[in-house]
Amino acid sequence: MLLSTLRTTIVCGCRSAGKGFQQSSYQRPQLRQWLVRRNQSSISVESVSPSTPAASKAVPNAATNRIVGRWLLGCSGLVVGAVVLGGVTRLTESGLSMVDWHLVREMKPPQSEAEWEAEFSKYKQFPEFKILNHEMTLPEFKFIFYMEWGHRMWGRLVGLAYILPTVYFWKKGYFTRSLKGKVLGLCGFVFFQGLLGWYMVKSGLEEKPDSHDVPRVSQYRLCAHLGSALVLYSASLWTGLTLLLPAHKMADTKNLQQLRRFAKGTGGLVFLTALSGAFVAGLDAGLVYNSFPKMADKWIPDDILAFSPALKNFFENPTTVQFDHRVLAIGSLTAITGLYLFSRRMLLPRRAKIAIGLLAAMAYTQVALGISTLLLYVPTPLAATHQSGSVALLSLAIWVLAELRKMPK
């Protein structure tokens, strides 16, 4: 009895174990499939995790555009400083005090008295000392030297302000494809501007045996140097403003199209007027005919076409150069006044109205500064203010153009 019961128990146990083995064998593929599905779901969750680069915020974006825009506005401000300092250097006749050019070595001015004497001795070998400043003392030389040295060091600061952030922003991915080309162009223009500055200075260091006139740099090279600085400034300011100021949503009416064309023509006239000032400075044309509105009691002076051929008068005759600058200045004032009156008849955004109003106010201020500079025989502080005013007027013209630009498609 006991044996039969034991046998029955063993047989039942084996059958139960067999069924359990069969069930576990049947459930194993299901377990494997469940594990695979779980792994796939965890992988898909990780792939959309915010910590991965694919889901990170795209660069460039609105925040990086603001950063780049402010940087370009800061660079344009440094260019204004270089233009103003260059004008003061020209007005104080300091530009020919440094007779050589070294990118790094001249960053440190003379320290000892012996170094100053050596620098002064080099200056004595050139026409400005021989003809104009032959009685100059060492302290007087130090003043004009520091003026030119400061201008050159400011130029190097401008270069660093463009190049170093460009490298950083490029690596961070802050630039769009089109902005990369613009920024590279600006950096290249900085190098060109520095080389052009030295090329200009060299023209005033050349010996001219047949001439006993006051040594001065070529007005053509001075105009090119100033013009390139204004182009660099205008491009930097325009790019910065378009990144910072969103375009206005305005109905593209016929009047708005006319206003845009009017504003572009006015901006070009303002730029040309500022450029003509370089010829006035290069030829000291502000020191002739110090009367307004007439020139020596005549609307058109007798010697306006004294040079031959006639075309030469527009670039080398001080009388003609001053006359041209007057005409361009009055033309700019008239155009800006017309732009202001035309804009008053239109419904424009508030920012655009403010920009046009400030442009008109600055135009009248600039003309008043120019007339005062002329009548007072070109005092240095007033002349420097007038030169700075031309850049301020150009800045406002660019702001107006930025406010009136079309919405990007």
# chains A, B, ... in the order shown; residues from 1 in each chain; ligands from 1

$ closest_atom_pairs --of "stretch 223-257 of chain A" --to "stretch 337-344 of chain A" --cutoff "12 Å" --atoms "only C-alpha atoms" --output "tab-separated table"
residue	atom	partner	partner_atom	distance
A:Asn255	CA	A:Phe342	CA	9.1
A:Leu256	CA	A:Ser343	CA	8.9
A:Gln257	CA	A:Ser343	CA	11.7

$ residues_around --residues "A:Ala352" --least-positions-apart "2" --cutoff "7 Å" --atoms "only C-alpha atoms" --output "PyMOL selection string"
chain A and resi 348-350+354-356+400+403-404

$ residues_around --residues "A:Phe169" --least-positions-apart "3" --cutoff "12 Å" --atoms "only C-alpha atoms" --output "number ranges by chain"
A: 59-60, 64-65, 67-69, 71-72, 162-166, 172-176, 179-180, 183

$ residues_around --residues "stretch 357-363 of chain A" --least-positions-apart "6" --cutoff "10 Å" --atoms "only C-alpha atoms" --output "PDB file with C-alpha atoms, in the first residue's frame"
ATOM      1  CA  VAL A 270      24.733 112.447 -47.737  1.00  0.00           C
ATOM      2  CA  ALA A 329      25.660 120.261 -48.564  1.00  0.00           C
ATOM      3  CA  ILE A 330      22.760 122.473 -49.649  1.00  0.00           C
ATOM      4  CA  SER A 332      21.589 117.220 -49.039  1.00  0.00           C
ATOM      5  CA  LEU A 333      19.680 119.651 -46.832  1.00  0.00           C
ATOM      6  CA  THR A 334      17.069 120.188 -49.540  1.00  0.00           C
ATOM      7  CA  ALA A 335      16.661 116.452 -50.152  1.00  0.00           C
ATOM      8  CA  ILE A 336      16.300 115.664 -46.446  1.00  0.00           C
ATOM      9  CA  THR A 337      13.743 118.449 -46.027  1.00  0.00           C
ATOM     10  CA  GLY A 338      11.767 117.048 -48.962  1.00  0.00           C
ATOM     11  CA  LEU A 339      11.970 113.538 -47.512  1.00  0.00           C
ATOM     12  CA  TYR A 340      10.634 114.796 -44.181  1.00  0.00           C
ATOM     13  CA  LEU A 341       7.721 116.687 -45.763  1.00  0.00           C
ATOM     14  CA  SER A 343       6.866 111.328 -45.062  1.00  0.00           C
ATOM     15  CA  ARG A 344       4.435 113.532 -43.117  1.00  0.00           C
ATOM     16  CA  ARG A 351      10.171 104.379 -35.135  1.00  0.00           C
ATOM     17  CA  LEU A 369      28.148 123.837 -37.970  1.00  0.00           C
ATOM     18  CA  GLY A 389      28.346 115.692 -37.517  1.00  0.00           C
ATOM     19  CA  SER A 390      28.768 114.290 -41.015  1.00  0.00           C
ATOM     20  CA  ALA A 392      26.036 111.376 -37.332  1.00  0.00           C
ATOM     21  CA  LEU A 393      24.020 112.500 -40.362  1.00  0.00           C
ATOM     22  CA  LEU A 394      25.084 109.433 -42.322  1.00  0.00           C
ATOM     23  CA  SER A 395      24.137 107.212 -39.365  1.00  0.00           C
ATOM     24  CA  LEU A 396      20.622 108.634 -39.235  1.00  0.00           C
ATOM     25  CA  ALA A 397      20.232 108.190 -42.994  1.00  0.00           C
ATOM     26  CA  ILE A 398      21.147 104.493 -42.622  1.00  0.00           C
ATOM     27  CA  TRP A 399      18.693 104.160 -39.731  1.00  0.00           C
ATOM     28  CA  VAL A 400      15.914 105.581 -41.916  1.00  0.00           C
TER      29      VAL A 400
END

$ select_by_dssp --residues "stretch 135-341 of chain A" --states "helix (DSSP H, G or I)" --output "ChimeraX atom specification"
/A:138-172,177-205,219-244,254-282,285-287,302-305,310-316,318-341

$ residues_around --residues "A:Leu103" --least-positions-apart "6" --cutoff "10 Å" --atoms "only C-alpha atoms" --output "number ranges by chain"
A: 152-153, 156, 194
